[in-house]
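So the structure is just underneath, and the comments pick up after that.
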Amino acid sequence: MAAVASRTRDEIGSQPECWLRAAEEAAGFGPALPRPGERVAVTGCGTSWFVAQSYAALREASGQGVTDAFAASEFPLSRGYDRVVAVTRSGTTTEVLELLAALEERGGRGARDRLVVLTADPGSPVVGAAGRVAVLEYADERSVVQTRFATSALVFLRAGLERHGGLPSGVGSVAEAVVDAESAVSAVLPSEVVGAGQWTFLGRGWTYGLALEAALKSREAAGAWTEAYPAMEYRHGPIAVAEPGRVVWVLGEAPAGLRDEVERLGGVVVADSGPEGWDPLADLVRAQGLAVALAEARGLDVDRPRNLTRSVVLG
């Protein structure tokens with residue numbers, strides 16, 4: 001089936017350029033990003049929460065300090081942090097705005113200076129709710145489903161880690177990730193992956209958040225049956241659904257023996273990223289492409305997925 005023109009497909013393809021700009025802007029924003037040794041919390045909703053989880057795990061693994069990630073609605077206000085980072089594409093999400101207001105009220109003088117926001121809309125309410133705001137307007141999307149904003153926000157934060165103290169062993173530079181992303185946007189997925197009936201995404205450490213996001217994309221765009229787990233947890237129950245016509249996609253390094261076990265059960269394994277392959281973030285770009293392909297195959301409008309809006313604003 002020929003590819004169908006869509007805003008979502010175009011936005012996925014623009015990610016290498018967006019990532020380069022995000023890395024450049026992170027250099028200028030540097031002092032406002034979490035510094036080594038600070039106790040940090042990262043928050044967001046939906047896709048932004050998964051970005052928060054990936055960044056938190058990456059920061060801790062790099063040895064730069066305790067980093068927790070919370071959905072905005074579940075943030076523990078009783079805990080103290082040196083800095084709170086909020087990720088919100090629209091800047092209008094109710095739970096994020098309410099959380100930032102509560103943090104400022106609770107923290108008193110200087111609390112706002114400890115709040116850092118990444119958003120895509122310079123005119124959104126969140127811009128006035130934090131001491132430092134990074135506006136990634138060039139990575140904003142017209143599509144409902146997030147792709148390039150989320151990955152660009154993670155690149156922005158990842159570049160800050162790279163600048164402040166370096167990345168964990170086995171995690172490549174942002175520049176290397178961009179090279180992989182340039183290949184990923186044009187990669188053709190095997191027919192047995194696109195034609196499957198169920199997909200499970202796995203990750204370890206910082207790539208678990210990527211796995212959660214990969215699974216969410218195909219659920220949002222195509223209503224597909226997708227799941228996500230920490231890679232080592234897959235054998236503790238979820239492997240029960242492995243059979244012909246089902247895919248296990250590992251973002252990052254696959255646990256020893258997993259491929260053989262899934263293939264013995266008839267399943268298909270995708271495990272092309274990690275220390276010896278794609279950067280896992282570039283592999284997420286391929287997973288975004290899967291979401292678009294599934295939506296197109298089902299005759300769905302990937303730019304207007306059912307039951308979703310660009311921002312969740314509660315009445």
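Residues are referred to by chain and number: the chain letter is A, B, ... according to the order shown in the structure tokens, the number counts from 1 in that chain, and ligands are numbered separately from 1 in the order shown.
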
Would you list the contacts of Ser183 of chain A as a PyMOL selection string, taking every protein, DNA or RNA residue within 10 Å and counting only C-alpha atoms, but skipping same-chain residues closer than 4 positions in sequence? chain A and resi 16+178-179+187-188+278+282-283+285-286

Dump C-alpha atoms for the selected residues as a PDB file, in the first residue's frame?
ATOM      1  CA  PRO A  16      16.436  14.893  12.826  1.00  0.00           C
ATOM      2  CA  VAL A 178      20.526  12.304  14.884  1.00  0.00           C
ATOM      3  CA  VAL A 179      22.442  10.255  12.313  1.00  0.00           C
ATOM      4  CA  ALA A 187      13.296   2.779   7.145  1.00  0.00           C
ATOM      5  CA  VAL A 188      10.902   0.187   5.751  1.00  0.00           C
ATOM      6  CA  TRP A 278      20.274   1.992  16.382  1.00  0.00           C
ATOM      7  CA  ALA A 282      15.846   6.671  16.702  1.00  0.00           C
ATOM      8  CA  ASP A 283      14.200   3.265  17.069  1.00  0.00           C
ATOM      9  CA  VAL A 285      10.983   7.005  15.358  1.00  0.00           C
ATOM     10  CA  ARG A 286      10.572   3.680  13.551  1.00  0.00           C
TER      11      ARG A 286
END

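Omitting Ala153 of chain A and its sequence neighbours fewer than 5 positions away, and counting only C-alpha atoms, the residues within 8 Å are Ala22, Val51, Val87, Leu118 and Leu136 of chain A.
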
Take the residues from that selection and put them in a file with C-alpha atoms, as a compact mmCIF listing (two decimals), in the first residue's frame.
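Saved as selection_14.txt:
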# COMPACT_ATOMS: atom_id res chain seq x y z
CA ALA A 22 16.99 21.21 20.41
CA VAL A 51 9.51 11.50 28.37
CA VAL A 87 7.02 18.82 30.02
CA LEU A 118 9.44 22.67 28.29
CA LEU A 136 10.42 24.36 21.42

Close residues, Arg298 of chain A itself excluded, 9 Å, only C-alpha atoms, min 4 positions apart in chain, as a PyMOL selection string: chain A and resi 222+293-294

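Atom CA of Arg59 of chain A sits 22.0 Å away from atom CA of Leu100 of chain A.
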
List the neighbours of Ala101 of chain A out to 8 Å using only C-alpha atoms; skip same-chain residues closer than 4 positions along the sequence, and give me the result as JSON, numbers by chain. {"A": [97, 105, 129]}

Take the residues just selected and output them with N, CA and C atoms as a short mmCIF file (atom, residue, chain, number, x, y, z; two decimals), in the first residue's frame.
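Done, and the output landed in again.cif:
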data_model
loop_
_atom_site.label_atom_id
_atom_site.label_comp_id
_atom_site.auth_asym_id
_atom_site.auth_seq_id
_atom_site.Cartn_x
_atom_site.Cartn_y
_atom_site.Cartn_z
N LEU A 97 -0.90 22.61 34.97
CA LEU A 97 -1.08 23.97 35.47
C LEU A 97 -1.44 23.97 36.96
N GLU A 105 2.66 27.75 45.48
CA GLU A 105 2.00 28.11 46.74
C GLU A 105 2.66 27.44 47.93
N ALA A 129 4.03 30.44 34.38
CA ALA A 129 3.90 29.69 35.63
C ALA A 129 5.21 29.14 36.15
#

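Each of A:Val262, A:Ala228, A:Ala61, A:Val133 was compared to Val171 of chain A using only C-alpha atoms, and A:Ala61 turns out to be the nearest.
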
Contacts of Ala175 of chain A within 9 Å, only C-alpha atoms, excl. fewer than 6 positions in-chain, as number ranges by chain: A: 19-20, 23

Write out as a list in words the residues lying within 9 Å of Arg89 of chain A, counting only C-alpha atoms and excluding same-chain residues fewer than 3 positions away. Ser48, Thr92, Thr93, Leu118, Thr119, Ala120, Asp121, Leu136, Asp140, Glu141, Gln146, Phe149, Ala150, Arg310 and Ser311 of chain A

Restricting it to N, CA, C and O atoms, dump the selection as a compact mmCIF listing (two decimals), in the first residue's frame.
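File produced: out.txt:
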# COMPACT_ATOMS: atom_id res chain seq x y z
N SER A 48 4.19 13.07 27.56
CA SER A 48 5.16 13.87 28.31
C SER A 48 5.59 13.15 29.59
O SER A 48 6.73 13.32 30.04
N THR A 92 -1.37 23.88 28.18
CA THR A 92 -2.72 24.13 28.69
C THR A 92 -3.29 22.97 29.48
O THR A 92 -4.43 23.04 29.94
N THR A 93 -2.53 21.90 29.65
CA THR A 93 -3.03 20.71 30.33
C THR A 93 -3.39 21.04 31.78
O THR A 93 -2.55 21.54 32.54
N LEU A 118 9.21 22.84 29.73
CA LEU A 118 9.44 22.67 28.29
C LEU A 118 8.07 22.61 27.63
O LEU A 118 7.23 21.78 27.99
N THR A 119 7.83 23.51 26.67
CA THR A 119 6.55 23.56 25.98
C THR A 119 6.78 23.92 24.53
O THR A 119 7.90 24.23 24.12
N ALA A 120 5.70 23.89 23.74
CA ALA A 120 5.81 24.21 22.32
C ALA A 120 5.11 25.51 21.96
O ALA A 120 5.30 26.02 20.86
N ASP A 121 4.31 26.05 22.87
CA ASP A 121 3.48 27.21 22.56
C ASP A 121 3.90 28.41 23.40
O ASP A 121 3.67 28.43 24.61
N LEU A 136 9.98 25.09 22.61
CA LEU A 136 10.42 24.36 21.42
C LEU A 136 9.36 24.51 20.33
O LEU A 136 8.76 23.54 19.86
N ASP A 140 6.65 21.94 17.53
CA ASP A 140 5.21 21.81 17.75
C ASP A 140 4.60 21.02 16.59
O ASP A 140 5.20 20.90 15.51
N GLU A 141 3.41 20.50 16.82
CA GLU A 141 2.73 19.68 15.81
C GLU A 141 1.32 20.19 15.57
O GLU A 141 0.67 20.68 16.50
N GLN A 146 1.33 13.12 19.47
CA GLN A 146 2.66 13.70 19.62
C GLN A 146 3.73 12.80 19.01
O GLN A 146 3.72 11.59 19.22
N PHE A 149 7.59 16.69 19.08
CA PHE A 149 7.79 17.49 20.30
C PHE A 149 8.36 16.63 21.42
O PHE A 149 9.30 17.03 22.12
N ALA A 150 7.78 15.46 21.61
CA ALA A 150 8.22 14.60 22.70
C ALA A 150 9.68 14.20 22.54
O ALA A 150 10.47 14.29 23.50
N ARG A 310 -5.98 17.52 21.23
CA ARG A 310 -4.58 17.95 21.34
C ARG A 310 -4.16 18.15 22.79
O ARG A 310 -3.04 17.83 23.18
N SER A 311 -5.06 18.67 23.60
CA SER A 311 -4.75 18.91 25.01
C SER A 311 -5.96 18.53 25.86
O SER A 311 -7.10 18.74 25.44

At a cut-off of 10 Å, using only C-alpha atoms, what residues contact Trp49 of chain A? Leave out same-chain residues fewer than 4 positions from it and give the result as a ChimeraX atom specification. /A:42-45,53-55,69-72,86-88,150,209,212-213

Limited to N, CA, C and O atoms, could you put the picked residues into a file as a PDB file, in the first residue's frame?
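So out_28.pdb came out as:
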ATOM      1  N   VAL A  42      10.588  15.207  37.622  1.00  0.00           N
ATOM      2  CA  VAL A  42      10.160  15.515  36.256  1.00  0.00           C
ATOM      3  C   VAL A  42       8.713  15.051  36.125  1.00  0.00           C
ATOM      4  O   VAL A  42       8.340  13.980  36.615  1.00  0.00           O
ATOM      5  N   THR A  43       7.901  15.862  35.452  1.00  0.00           N
ATOM      6  CA  THR A  43       6.472  15.557  35.410  1.00  0.00           C
ATOM      7  C   THR A  43       5.866  15.899  34.059  1.00  0.00           C
ATOM      8  O   THR A  43       6.420  16.675  33.282  1.00  0.00           O
ATOM      9  N   GLY A  44       4.717  15.321  33.800  1.00  0.00           N
ATOM     10  CA  GLY A  44       3.974  15.571  32.569  1.00  0.00           C
ATOM     11  C   GLY A  44       2.759  14.663  32.546  1.00  0.00           C
ATOM     12  O   GLY A  44       2.488  13.948  33.516  1.00  0.00           O
ATOM     13  N   CYS A  45       2.046  14.685  31.444  1.00  0.00           N
ATOM     14  CA  CYS A  45       0.871  13.826  31.277  1.00  0.00           C
ATOM     15  C   CYS A  45       0.988  13.084  29.952  1.00  0.00           C
ATOM     16  O   CYS A  45       1.471  13.635  28.960  1.00  0.00           O
ATOM     17  N   GLN A  53       9.870   9.912  32.400  1.00  0.00           N
ATOM     18  CA  GLN A  53      10.434   8.654  32.901  1.00  0.00           C
ATOM     19  C   GLN A  53      11.772   8.339  32.240  1.00  0.00           C
ATOM     20  O   GLN A  53      12.726   7.912  32.903  1.00  0.00           O
ATOM     21  N   SER A  54      11.858   8.546  30.939  1.00  0.00           N
ATOM     22  CA  SER A  54      13.105   8.263  30.233  1.00  0.00           C
ATOM     23  C   SER A  54      14.224   9.174  30.719  1.00  0.00           C
ATOM     24  O   SER A  54      15.353   8.728  30.984  1.00  0.00           O
ATOM     25  N   TYR A  55      13.920  10.463  30.851  1.00  0.00           N
ATOM     26  CA  TYR A  55      14.938  11.405  31.308  1.00  0.00           C
ATOM     27  C   TYR A  55      15.371  11.105  32.734  1.00  0.00           C
ATOM     28  O   TYR A  55      16.571  11.144  33.052  1.00  0.00           O
ATOM     29  N   ALA A  69      10.201  10.621  38.456  1.00  0.00           N
ATOM     30  CA  ALA A  69       9.239  11.008  37.424  1.00  0.00           C
ATOM     31  C   ALA A  69       7.831  10.677  37.899  1.00  0.00           C
ATOM     32  O   ALA A  69       7.592   9.595  38.432  1.00  0.00           O
ATOM     33  N   PHE A  70       6.914  11.626  37.702  1.00  0.00           N
ATOM     34  CA  PHE A  70       5.539  11.438  38.132  1.00  0.00           C
ATOM     35  C   PHE A  70       4.576  11.964  37.080  1.00  0.00           C
ATOM     36  O   PHE A  70       4.844  12.990  36.436  1.00  0.00           O
ATOM     37  N   ALA A  71       3.447  11.286  36.931  1.00  0.00           N
ATOM     38  CA  ALA A  71       2.333  11.898  36.225  1.00  0.00           C
ATOM     39  C   ALA A  71       1.920  13.129  37.039  1.00  0.00           C
ATOM     40  O   ALA A  71       1.950  13.109  38.271  1.00  0.00           O
ATOM     41  N   ALA A  72       1.568  14.205  36.364  1.00  0.00           N
ATOM     42  CA  ALA A  72       1.263  15.448  37.072  1.00  0.00           C
ATOM     43  C   ALA A  72       0.165  15.263  38.115  1.00  0.00           C
ATOM     44  O   ALA A  72       0.207  15.869  39.192  1.00  0.00           O
ATOM     45  N   ALA A  86       8.800  20.337  34.167  1.00  0.00           N
ATOM     46  CA  ALA A  86       7.513  19.927  33.613  1.00  0.00           C
ATOM     47  C   ALA A  86       7.569  19.962  32.095  1.00  0.00           C
ATOM     48  O   ALA A  86       8.078  20.928  31.509  1.00  0.00           O
ATOM     49  N   VAL A  87       7.060  18.909  31.483  1.00  0.00           N
ATOM     50  CA  VAL A  87       7.021  18.816  30.020  1.00  0.00           C
ATOM     51  C   VAL A  87       5.559  18.853  29.602  1.00  0.00           C
ATOM     52  O   VAL A  87       4.756  18.018  30.040  1.00  0.00           O
ATOM     53  N   THR A  88       5.194  19.813  28.752  1.00  0.00           N
ATOM     54  CA  THR A  88       3.808  19.935  28.308  1.00  0.00           C
ATOM     55  C   THR A  88       3.773  20.606  26.939  1.00  0.00           C
ATOM     56  O   THR A  88       4.105  21.790  26.815  1.00  0.00           O
ATOM     57  N   ALA A 150       7.778  15.462  21.606  1.00  0.00           N
ATOM     58  CA  ALA A 150       8.217  14.600  22.702  1.00  0.00           C
ATOM     59  C   ALA A 150       9.682  14.202  22.544  1.00  0.00           C
ATOM     60  O   ALA A 150      10.475  14.288  23.497  1.00  0.00           O
ATOM     61  N   GLY A 209      10.751   3.984  29.260  1.00  0.00           N
ATOM     62  CA  GLY A 209       9.836   5.081  28.916  1.00  0.00           C
ATOM     63  C   GLY A 209       9.593   5.152  27.418  1.00  0.00           C
ATOM     64  O   GLY A 209       8.481   5.454  26.967  1.00  0.00           O
ATOM     65  N   LEU A 212       7.061   2.462  26.546  1.00  0.00           N
ATOM     66  CA  LEU A 212       5.704   2.908  26.877  1.00  0.00           C
ATOM     67  C   LEU A 212       5.159   3.849  25.805  1.00  0.00           C
ATOM     68  O   LEU A 212       3.996   3.751  25.401  1.00  0.00           O
ATOM     69  N   GLU A 213       6.015   4.742  25.345  1.00  0.00           N
ATOM     70  CA  GLU A 213       5.594   5.696  24.323  1.00  0.00           C
ATOM     71  C   GLU A 213       5.356   5.012  22.979  1.00  0.00           C
ATOM     72  O   GLU A 213       4.392   5.331  22.269  1.00  0.00           O
TER      73      GLU A 213
END

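Selecting strand (DSSP E or B) from the backbone DSSP output for segment 133-308 of chain A yields Val133, Ala134, Val135, Gln198, Trp199, Thr200, Phe201, Leu202, Gly203, Thr226, Glu227, Ala228, Tyr229, Pro230, Arg246, Val247, Val248, Trp249, Val250, Leu251, Val268, Val269, Val270, Ser273 and Trp278 of chain A.
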
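Straight-line separation from atom CA of Arg106 of chain A to atom CA of Arg79 of chain A: 10.8 Å.
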
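Atom CA of Arg235 of chain A to atom CA of Glu220 of chain A spans 25.9 Å [interatomic distance, one decimal].
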
Pick from A:Gly237, A:Gly289, A:Pro122, A:Pro36, whichever lies nearest to Ser62 of chain A using only C-alpha atoms: A:Pro36

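Shortest separation to Ala287 of chain A among A:Phe75, A:Tyr208, A:Phe50, A:Trp199 occurs at residue A:Trp199, atoms counted being only C-alpha atoms.
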
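Using only C-alpha atoms for every distance, the candidate list A:Leu154, A:Leu281, A:Ala130, A:Val241 yields A:Leu154 as the residue closest to Ala56 of chain A.
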